[in-house]
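Have a look at the structure below before the remarks.
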Amino acid sequence: MPYDKSVLNTLPAKAEEIIASNTDRDTILLEICKLLRDTVPVYDWVGFYIADPETVRELYLGPYVGEATDHTRIPFGKGICGQVAESHKTFVVEDVHAQDNYLSCNIHVKSEIVVPILKNGDFVAQLDIDSNTLAAMDAHDQQVLEDICVKLSPLF
Ligand code: SME
């Protein structure tokens, strides 16, 4: 399902508006999830995983839109999300079934991108997007989503 990828370029300014007009972090994160899923036709599940300050090296599921997932807590190192929690680098997965360290959110998912959120160099959270389309995300998505994650960093 091809779509006009120029819509991606509208996202950072809209994210800034959401950040400027809300004070509660979870409200902002949920509104960002909705913005991304409503704007980009191939974004089927959009959510945030947050590094748990109480538990050593574990992520917990924050605000999200899309199907409920069993993966409400993910140890660092496990799955695509856990790998990004360790590498602090964006991971673009064209075909999730070609990955051996992968946690399935639901059977429809074919590709995924996970973008870390860093604060003062420390890993604090990540944006996770699943698509039911193969190779749905590329370097253009990565650049736009990394820009948004930099804008979200001060909330943590
Ligand atoms: N696919 C992720 C797990 C999170 S769910 O997709 C929402 C992973 O492999 O870490």
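Each chain of the structure tokens is named A, B, ... in the order shown, its residues numbered from 1; ligands are numbered from 1 in display order.
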Find the residues near A:Ala125: any atom within 6 Å, counting only C-alpha atoms, skip ones fewer than 5 places away on the same chain, and give them as a PyMOL selection string. chain A and resi 49-51+117
DSSP alpha helix (DSSP H) selection over stretch 9-98 of chain A, as a VMD selection string: chain A and resid 11 to 20 25 to 39 79 to 87
Might you pull out every residue within 10 Å of A:Ile107, with only C-alpha atoms counted and same-chain residues fewer than 3 positions away left off, and present them as a list in words?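 The residues that qualify are Ser104, Lys110 and Asn132 of chain A.
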Residues within 6 Å of ligand 1 (only C-alpha atoms and all ligand atoms), as a PyMOL selection string? chain A and resi 69+71+79-82+102-105
Skipping near chain neighbours, those fewer than 5 positions away, what residues fall within 9 Å of A:Val40 using only C-alpha atoms, listed as number ranges by chain? A: 3, 5, 7-8, 35
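Computed from the coordinates, the atom CA of A:Ser153 to atom CA of A:Pro116 distance equals 9.7 Å.
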Between A:Met137, A:Val109, A:Val84, A:Val46, which is the closest to A:Tyr64 once you count only C-alpha atoms?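 Between A:Met137, A:Val109, A:Val84, A:Val46, the residue approaching A:Tyr64 most closely is A:Val46.
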May I ask for the distance between atom CA of A:Ile19 and atom CA of A:Leu152, given in Å to one decimal place? 7.8 Å
Restricting to only C-alpha atoms, whichever of A:Phe123, A:Asp147, A:Leu30, A:Ser111 is closest to A:Glu94 is A:Ser111
Give me every strand (DSSP E) residue in stretch 60-151 of chain A, going by DSSP on the backbone, as a ChimeraX atom specification. /A:60-65,73-75,91-93,111-119,122-131
When you look at A:Leu127 with a cut-off of 6 Å (counting only C-alpha atoms), what residues show up, excluding the ones that are within fewer than 6 positions of it in the same chain? I need them as a PDB file with C-alpha atoms, in the first residue's frame.
```
ATOM      1  CA  GLY A  47       3.627   3.014  21.765  1.00  0.00           C
ATOM      2  CA  PHE A  48       6.262   4.000  24.281  1.00  0.00           C
ATOM      3  CA  VAL A 114      12.282   1.307  17.643  1.00  0.00           C
ATOM      4  CA  VAL A 115      13.772   4.746  18.388  1.00  0.00           C
TER       5      VAL A 115
END
```
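Take the candidates A:Gly66, A:Asn101, A:Val42, A:Glu58 and check each one against A:Pro2 using only C-alpha atoms; the shortest distance goes to A:Val42.
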Taking only C-alpha atoms into account, which of A:Arg37, A:Lys89, A:His97, A:His108 comes nearest A:Leu11? A:Arg37
Skip stretch 21-28 of chain A itself and residues of its chain fewer than 5 positions away, then list as a list in words all residues within 8 Å of it, counting only C-alpha atoms.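 Non-adjacent residues within range: Gly62, Pro63 and Leu155 of chain A.
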Atom-to-atom span, atom CA of A:Pro53 and atom CA of A:Val65, Å: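 Between atom CA of A:Pro53 and atom CA of A:Val65 the gap works out to 23.5 Å.
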